[in-house]
file input_37.cif (mmCIF, C-alpha atoms)
data_my_file
#
loop_
_atom_site.group_PDB
_atom_site.id
_atom_site.type_symbol
_atom_site.label_atom_id
_atom_site.label_comp_id
_atom_site.auth_asym_id
_atom_site.auth_seq_id
_atom_site.Cartn_x
_atom_site.Cartn_y
_atom_site.Cartn_z
ATOM 1 C CA MET A 3 -26.993 -5.427 -107.977
ATOM 2 C CA LEU A 4 -30.189 -6.738 -109.546
ATOM 3 C CA SER A 5 -28.673 -7.345 -112.961
ATOM 4 C CA ALA A 6 -25.764 -9.170 -111.283
ATOM 5 C CA ALA A 7 -28.227 -11.413 -109.416
ATOM 6 C CA ILE A 8 -30.091 -12.195 -112.651
ATOM 7 C CA THR A 9 -26.839 -12.891 -114.506
ATOM 8 C CA ARG A 10 -25.705 -15.204 -111.688
ATOM 9 C CA TYR A 11 -29.036 -17.048 -111.714
ATOM 10 C CA HIS A 12 -28.819 -17.519 -115.498
ATOM 11 C CA SER A 13 -25.202 -18.723 -115.231
ATOM 12 C CA LEU A 14 -26.290 -21.547 -112.934
ATOM 13 C CA LEU A 15 -28.422 -22.889 -115.766
ATOM 14 C CA THR A 16 -25.499 -23.327 -118.180
ATOM 15 C CA ASP A 17 -25.081 -26.853 -116.799
ATOM 16 C CA PRO A 18 -27.592 -28.899 -118.889
ATOM 17 C CA ALA A 19 -27.956 -31.567 -116.191
ATOM 18 C CA LEU A 20 -28.795 -28.934 -113.538
ATOM 19 C CA ALA A 21 -31.254 -27.207 -115.879
ATOM 20 C CA GLN A 22 -32.964 -30.521 -116.684
ATOM 21 C CA ALA A 23 -33.108 -31.524 -113.003
ATOM 22 C CA SER A 24 -34.499 -28.082 -112.078
ATOM 23 C CA GLN A 25 -37.210 -28.319 -114.728
ATOM 24 C CA GLN A 26 -38.117 -31.873 -113.688
ATOM 25 C CA ARG A 27 -38.343 -30.935 -110.011
ATOM 26 C CA LEU A 28 -40.388 -27.840 -110.835
ATOM 27 C CA THR A 29 -42.812 -29.826 -113.006
ATOM 28 C CA GLU A 30 -43.206 -32.572 -110.386
ATOM 29 C CA GLY A 31 -43.908 -29.996 -107.687
ATOM 30 C CA LEU A 32 -46.440 -28.179 -109.842
ATOM 31 C CA ARG A 33 -48.161 -31.456 -110.709
ATOM 32 C CA SER A 34 -48.342 -32.551 -107.058
ATOM 33 C CA GLU A 35 -49.894 -29.189 -106.120
ATOM 34 C CA ARG A 36 -52.263 -29.342 -109.123
ATOM 35 C CA LEU A 37 -50.836 -26.145 -110.619
ATOM 36 C CA PHE A 38 -51.519 -27.018 -114.241
ATOM 37 C CA PHE A 39 -53.904 -25.418 -116.705
ATOM 38 C CA GLY A 40 -55.089 -28.456 -118.609
ATOM 39 C CA ASP A 41 -51.853 -30.199 -119.529
ATOM 40 C CA ARG A 42 -49.702 -27.032 -119.243
ATOM 41 C CA PRO A 43 -47.841 -26.130 -116.047
ATOM 42 C CA LEU A 44 -48.534 -22.625 -114.709
ATOM 43 C CA VAL A 45 -44.783 -22.007 -114.331
ATOM 44 C CA THR A 46 -42.739 -22.558 -117.486
ATOM 45 C CA VAL A 47 -39.602 -20.518 -116.740
ATOM 46 C CA LEU A 48 -36.578 -21.443 -114.642
ATOM 47 C CA ARG A 49 -36.051 -18.053 -112.950
ATOM 48 C CA PRO A 50 -38.157 -16.245 -110.356
ATOM 49 C CA ARG A 51 -38.927 -12.528 -110.632
ATOM 50 C CA LEU A 52 -36.222 -10.739 -108.672
ATOM 51 C CA LEU A 53 -36.884 -7.320 -107.115
ATOM 52 C CA THR A 54 -34.704 -5.069 -105.003
ATOM 53 C CA ALA A 55 -36.018 -4.053 -101.602
ATOM 54 C CA GLY A 56 -36.530 -0.555 -103.026
ATOM 55 C CA GLN A 57 -38.588 -1.857 -105.946
ATOM 56 C CA TYR A 58 -40.717 -3.937 -103.594
ATOM 57 C CA ALA A 59 -41.245 -0.934 -101.273
ATOM 58 C CA HIS A 60 -42.285 1.147 -104.297
ATOM 59 C CA LEU A 61 -44.704 -1.599 -105.354
ATOM 60 C CA GLN A 62 -46.193 -1.631 -101.853
ATOM 61 C CA GLN A 63 -46.552 2.168 -101.759
ATOM 62 C CA ALA A 64 -48.085 2.370 -105.237
ATOM 63 C CA THR A 65 -50.532 -0.426 -104.440
ATOM 64 C CA HIS A 66 -51.567 1.304 -101.224
ATOM 65 C CA LEU A 67 -52.237 4.563 -103.113
ATOM 66 C CA VAL A 68 -54.198 2.798 -105.853
ATOM 67 C CA ALA A 69 -56.262 0.943 -103.249
ATOM 68 C CA GLN A 70 -57.052 4.200 -101.440
ATOM 69 C CA ALA A 71 -58.079 5.821 -104.713
ATOM 70 C CA ALA A 72 -60.215 2.802 -105.639
ATOM 71 C CA ARG A 73 -62.033 2.980 -102.308
ATOM 72 C CA ARG A 74 -62.757 6.707 -102.828
ATOM 73 C CA VAL A 75 -63.921 6.154 -106.399
ATOM 74 C CA ALA A 76 -66.121 3.260 -105.304
ATOM 75 C CA ALA A 77 -67.724 5.419 -102.630
ATOM 76 C CA LEU A 78 -68.393 8.199 -105.151
ATOM 77 C CA ALA A 79 -69.641 5.719 -107.727
ATOM 78 C CA LEU A 80 -72.253 4.434 -105.336
ATOM 79 C CA GLU A 81 -73.585 7.970 -104.976
ATOM 80 C CA ALA A 82 -73.565 9.668 -108.382
ATOM 81 C CA ALA A 83 -71.768 7.677 -111.038
ATOM 82 C CA PRO A 84 -74.539 5.332 -112.259
ATOM 83 C CA ALA A 85 -76.593 8.174 -113.760
ATOM 84 C CA ALA A 86 -73.531 9.987 -115.136
ATOM 85 C CA ALA A 87 -72.077 6.826 -116.691
ATOM 86 C CA LEU A 88 -75.201 6.396 -118.799
ATOM 87 C CA THR A 89 -74.743 9.813 -120.432
ATOM 88 C CA THR A 90 -71.025 10.674 -120.233
ATOM 89 C CA PRO A 91 -68.175 8.808 -121.980
ATOM 90 C CA PHE A 92 -65.170 8.017 -119.812
ATOM 91 C CA VAL A 93 -61.849 6.137 -119.879
ATOM 92 C CA LEU A 94 -61.933 2.968 -117.845
ATOM 93 C CA GLN A 95 -58.280 1.978 -118.280
ATOM 94 C CA GLU A 96 -55.298 3.531 -119.994
ATOM 95 C CA ARG A 97 -52.804 1.434 -121.983
ATOM 96 C CA VAL A 98 -49.237 1.562 -120.641
ATOM 97 C CA PRO A 99 -46.039 -0.067 -121.911
ATOM 98 C CA ILE A 100 -45.119 -3.375 -120.280
ATOM 99 C CA ALA A 101 -41.527 -4.296 -119.426
ATOM 100 C CA TYR A 102 -39.639 -7.105 -121.160
ATOM 101 C CA GLU A 103 -37.056 -9.228 -119.325
ATOM 102 C CA PRO A 104 -35.110 -12.339 -120.331
ATOM 103 C CA TYR A 105 -36.341 -15.543 -118.671
ATOM 104 C CA PRO A 106 -34.727 -18.936 -119.302
ATOM 105 C CA ALA A 107 -36.939 -21.907 -120.100
ATOM 106 C CA LEU A 108 -36.089 -25.525 -120.848
ATOM 107 C CA ILE A 109 -37.148 -26.240 -124.438
ATOM 108 C CA ASP A 110 -36.325 -29.591 -126.054
ATOM 109 C CA GLY A 111 -33.677 -30.269 -123.410
ATOM 110 C CA ARG A 112 -31.900 -26.917 -123.844
ATOM 111 C CA VAL A 113 -32.012 -23.759 -121.745
ATOM 112 C CA VAL A 114 -33.324 -21.011 -124.004
ATOM 113 C CA PRO A 115 -33.505 -17.434 -122.709
ATOM 114 C CA ALA A 116 -36.418 -15.512 -124.193
ATOM 115 C CA ASP A 117 -37.724 -12.006 -123.627
ATOM 116 C CA ARG A 118 -41.060 -12.102 -121.886
ATOM 117 C CA LEU A 119 -43.507 -9.404 -120.896
ATOM 118 C CA VAL A 120 -43.577 -8.945 -117.123
ATOM 119 C CA ASP A 121 -46.572 -7.953 -114.995
ATOM 120 C CA SER A 122 -46.330 -7.798 -111.193
ATOM 121 C CA ASP A 123 -49.639 -7.991 -109.346
ATOM 122 C CA PRO A 124 -49.401 -7.211 -105.605
ATOM 123 C CA PHE A 125 -51.539 -8.944 -102.994
ATOM 124 C CA LEU A 126 -53.534 -6.423 -100.982
ATOM 125 C CA PHE A 127 -55.014 -7.485 -97.632
ATOM 126 C CA GLY A 128 -57.076 -4.591 -96.305
ATOM 127 C CA SER A 129 -54.542 -1.795 -96.646
ATOM 128 C CA GLU A 130 -51.418 -3.984 -96.384
ATOM 129 C CA VAL A 131 -49.395 -5.284 -99.333
ATOM 130 C CA ALA A 132 -48.045 -8.752 -98.571
ATOM 131 C CA GLY A 133 -46.259 -10.268 -101.539
ATOM 132 C CA CYS A 134 -47.094 -10.264 -105.203
ATOM 133 C CA LEU A 135 -47.716 -12.494 -108.190
ATOM 134 C CA CYS A 136 -45.703 -12.170 -111.381
ATOM 135 C CA ARG A 137 -47.264 -13.049 -114.725
ATOM 136 C CA LEU A 138 -45.050 -13.585 -117.784
ATOM 137 C CA SER A 139 -45.997 -13.949 -121.412
ATOM 138 C CA THR A 140 -44.506 -14.105 -124.873
ATOM 139 C CA GLN A 141 -47.652 -12.325 -126.103
ATOM 140 C CA THR A 142 -49.017 -8.891 -125.219
ATOM 141 C CA LEU A 143 -51.998 -10.481 -123.464
ATOM 142 C CA LEU A 144 -50.561 -11.541 -120.098
ATOM 143 C CA ASN A 145 -52.799 -14.527 -119.533
ATOM 144 C CA VAL A 146 -51.482 -17.870 -118.302
ATOM 145 C CA SER A 147 -54.335 -19.760 -119.960
ATOM 146 C CA ILE A 148 -52.999 -18.964 -123.449
ATOM 147 C CA GLY A 149 -49.818 -20.290 -125.032
ATOM 148 C CA GLY A 150 -46.661 -18.584 -123.804
ATOM 149 C CA GLY A 151 -48.166 -17.482 -120.477
ATOM 150 C CA SER A 152 -46.582 -18.388 -117.158
ATOM 151 C CA ILE A 153 -46.364 -17.434 -113.509
ATOM 152 C CA ALA A 154 -43.043 -16.844 -111.743
ATOM 153 C CA PRO A 155 -42.412 -16.623 -108.006
ATOM 154 C CA VAL A 156 -41.200 -13.263 -106.703
ATOM 155 C CA PHE A 157 -38.182 -12.800 -104.415
ATOM 156 C CA VAL A 158 -36.695 -9.648 -102.921
ATOM 157 C CA VAL A 159 -32.890 -9.599 -103.289
ATOM 158 C CA SER A 160 -30.402 -7.543 -101.309
ATOM 159 C CA GLU A 161 -26.650 -7.178 -100.947
ATOM 160 C CA ARG A 162 -24.901 -9.666 -98.692
ATOM 161 C CA GLU A 163 -23.344 -8.135 -95.621
#
call {"tool": "encode", "arguments": {"input": "input_37.cif", "output": "structure tokens"}}
result
Amino acid sequence: MLSAAITRYHSLLTDPALAQASQQRLTEGLRSERLFFGDRPLVTVLRPRLLTAGQYAHLQQATHLVAQAARRVAALALEAAPAAALTTPFVLQERVPIAYEPYPALIDGRVVPADRLVDSDPFLFGSEVAGCLCRLSTQTLLNVSIGGGSIAPVFVVSERE
């Protein structure tokens, strides 16, 4: 289902006039909302991040568990960790592989699909997950302030009834 939705979205961009109009409208909207980093728009791709309802539910559950763990670790850190951290080495973050997905972008008047690294960052309000941000990049550093970085909106897709 998800790959069919992505394929359908990409097929809509085979019309050069529609792709150009989409890019122009996107850029105008970003400019009016002041969503530029210097002279670069924060969104440079023509497709949102599409998730199934199951993927979004998993994202919510995982975020909730990580937030619970972070609260417990923070509580423990306030008690004993400062002294231990000065004498004991520890791993702060572990490197994990990041997914690649094709995202179309308008380059020199043509729609060009390119594989981009994808990073979904959920919004956590208290203990509730309500939406997420998706960062894309052509480089392994997923940072929108460097060349090749972008933000894409996130939509949950489901089968039509």
call {"tool": "resolve_selection", "arguments": {"input": "input_37.cif", "expression": "the PyMOL selection byres ((chain A and resi 155) around 12)", "output": "list of chain:residue names"}}
result
A:Leu28, A:Leu44, A:Val45, A:Thr46, A:Val47, A:Leu48, A:Arg49, A:Pro50, A:Arg51, A:Leu52, A:Leu53, A:Val120, A:Asp121, A:Ser122, A:Asp123, A:Pro124, A:Gly133, A:Cys134, A:Leu135, A:Cys136, A:Arg137, A:Leu138, A:Ser152, A:Ile153, A:Ala154, A:Val156, A:Phe157, A:Val158
call {"tool": "atom_distance", "arguments": {"input": "input_37.cif", "atom1": "CA of Ser13 (chain A)", "atom2": "CA of Leu37 (chain A)"}}
result
27.1 Å
call {"tool": "resolve_selection", "arguments": {"input": "input_37.cif", "expression": "the PyMOL selection byres ((chain A and resi 18) around 12)", "output": "PyMOL selection string"}}
result
chain A and resi 12-17+19-25+107-114
call {"tool": "atom_distance", "arguments": {"input": "input_37.cif", "atom1": "CA of Arg42 (chain A)", "atom2": "CA of Thr9 (chain A)"}}
result
27.3 Å
call {"tool": "closest_residue", "arguments": {"input": "input_37.cif", "among": "A:Pro43, A:Phe127, A:Gly56, A:Thr89", "to": "Gly151 (chain A)", "atoms": "all atoms listed in the file"}}
result
A:Pro43
call {"tool": "resolve_selection", "arguments": {"input": "input_37.cif", "expression": "the PyMOL selection byres ((chain A and resi 103) around 9)", "output": "ChimeraX atom specification"}}
result
/A:101-102,104-105,116-120
call {"tool": "atom_distance", "arguments": {"input": "input_37.cif", "atom1": "CA of Arg73 (chain A)", "atom2": "CA of Glu130 (chain A)"}}
result
14.0 Å
call {"tool": "closest_residue", "arguments": {"input": "input_37.cif", "among": "A:Leu32, A:Met3, A:Ile8, A:Leu88", "to": "Pro106 (chain A)", "atoms": "all atoms listed in the file"}}
result
A:Ile8
call {"tool": "decode", "arguments": {"input": "input_37.cif", "residues": "region 14-53 of chain A", "atoms": "N, CA and C atoms", "output": "compact mmCIF listing (two decimals), in the first residue's frame"}}
result
# COMPACT_ATOMS: atom_id res chain seq x y z
N LEU A 14 2.39 11.65 -10.48
CA LEU A 14 1.74 12.95 -10.69
C LEU A 14 2.74 14.02 -11.13
N LEU A 15 4.00 13.79 -10.80
CA LEU A 15 5.02 14.79 -11.11
C LEU A 15 5.67 14.58 -12.48
N THR A 16 5.14 13.64 -13.28
CA THR A 16 5.69 13.44 -14.62
C THR A 16 5.26 14.55 -15.57
N ASP A 17 4.23 15.29 -15.19
CA ASP A 17 3.80 16.45 -15.98
C ASP A 17 4.69 17.64 -15.58
N PRO A 18 5.58 18.09 -16.47
CA PRO A 18 6.52 19.18 -16.12
C PRO A 18 5.82 20.46 -15.65
N ALA A 19 4.68 20.78 -16.26
CA ALA A 19 3.97 22.00 -15.87
C ALA A 19 3.44 21.88 -14.43
N LEU A 20 2.91 20.69 -14.08
CA LEU A 20 2.42 20.47 -12.72
C LEU A 20 3.57 20.50 -11.72
N ALA A 21 4.68 19.88 -12.07
CA ALA A 21 5.85 19.89 -11.18
C ALA A 21 6.35 21.31 -10.95
N GLN A 22 6.43 22.09 -12.02
CA GLN A 22 6.90 23.49 -11.91
C GLN A 22 5.93 24.31 -11.07
N ALA A 23 4.62 24.14 -11.32
CA ALA A 23 3.62 24.89 -10.55
C ALA A 23 3.66 24.48 -9.07
N SER A 24 3.86 23.19 -8.81
CA SER A 24 3.94 22.71 -7.42
C SER A 24 5.14 23.33 -6.72
N GLN A 25 6.29 23.34 -7.39
CA GLN A 25 7.49 23.91 -6.80
C GLN A 25 7.32 25.40 -6.55
N GLN A 26 6.72 26.11 -7.51
CA GLN A 26 6.52 27.55 -7.36
C GLN A 26 5.58 27.84 -6.19
N ARG A 27 4.50 27.09 -6.10
CA ARG A 27 3.55 27.31 -5.00
C ARG A 27 4.19 26.99 -3.65
N LEU A 28 4.96 25.91 -3.61
CA LEU A 28 5.66 25.54 -2.39
C LEU A 28 6.63 26.64 -1.97
N THR A 29 7.43 27.13 -2.91
CA THR A 29 8.42 28.16 -2.60
C THR A 29 7.74 29.45 -2.14
N GLU A 30 6.66 29.84 -2.81
CA GLU A 30 5.93 31.06 -2.40
C GLU A 30 5.38 30.91 -0.98
N GLY A 31 4.80 29.75 -0.69
CA GLY A 31 4.27 29.52 0.65
C GLY A 31 5.35 29.53 1.71
N LEU A 32 6.48 28.92 1.42
CA LEU A 32 7.59 28.91 2.37
C LEU A 32 8.11 30.33 2.59
N ARG A 33 8.21 31.10 1.50
CA ARG A 33 8.70 32.48 1.63
C ARG A 33 7.73 33.32 2.47
N SER A 34 6.43 33.16 2.22
CA SER A 34 5.45 33.97 2.96
C SER A 34 5.44 33.60 4.45
N GLU A 35 5.79 32.37 4.77
CA GLU A 35 5.83 31.94 6.18
C GLU A 35 7.24 32.07 6.78
N ARG A 36 8.16 32.64 5.99
CA ARG A 36 9.54 32.86 6.42
C ARG A 36 10.23 31.54 6.81
N LEU A 37 10.02 30.52 5.99
CA LEU A 37 10.62 29.21 6.22
C LEU A 37 11.80 28.99 5.27
N PHE A 38 12.74 29.92 5.36
CA PHE A 38 13.98 29.84 4.58
C PHE A 38 15.14 29.87 5.55
N PHE A 39 16.22 29.23 5.19
CA PHE A 39 17.47 29.32 5.94
C PHE A 39 18.41 30.12 5.06
N GLY A 40 18.54 31.39 5.33
CA GLY A 40 19.26 32.28 4.43
C GLY A 40 18.45 32.42 3.16
N ASP A 41 19.04 32.02 2.04
CA ASP A 41 18.30 32.09 0.78
C ASP A 41 17.79 30.72 0.33
N ARG A 42 17.92 29.70 1.20
CA ARG A 42 17.48 28.34 0.87
C ARG A 42 16.16 28.00 1.56
N PRO A 43 15.19 27.48 0.81
CA PRO A 43 13.94 27.05 1.45
C PRO A 43 14.19 25.82 2.32
N LEU A 44 13.45 25.69 3.41
CA LEU A 44 13.59 24.53 4.30
C LEU A 44 13.05 23.26 3.67
N VAL A 45 12.14 23.38 2.71
CA VAL A 45 11.59 22.21 2.02
C VAL A 45 12.03 22.29 0.57
N THR A 46 12.79 21.27 0.12
CA THR A 46 13.30 21.29 -1.25
C THR A 46 12.81 20.10 -2.07
N VAL A 47 11.97 19.26 -1.49
CA VAL A 47 11.46 18.09 -2.21
C VAL A 47 9.97 18.26 -2.48
N LEU A 48 9.48 17.53 -3.48
CA LEU A 48 8.08 17.68 -3.89
C LEU A 48 7.19 16.56 -3.35
N ARG A 49 7.66 15.77 -2.39
CA ARG A 49 6.83 14.70 -1.83
C ARG A 49 6.92 14.74 -0.32
N PRO A 50 5.77 14.60 0.37
CA PRO A 50 5.81 14.50 1.83
C PRO A 50 6.29 13.12 2.25
N ARG A 51 6.61 12.95 3.49
CA ARG A 51 6.93 11.63 4.07
C ARG A 51 5.60 10.94 4.29
N LEU A 52 5.45 9.76 3.74
CA LEU A 52 4.20 9.01 3.87
C LEU A 52 4.43 7.83 4.80
N LEU A 53 3.57 7.68 5.80
CA LEU A 53 3.63 6.58 6.76
C LEU A 53 2.30 5.85 6.77
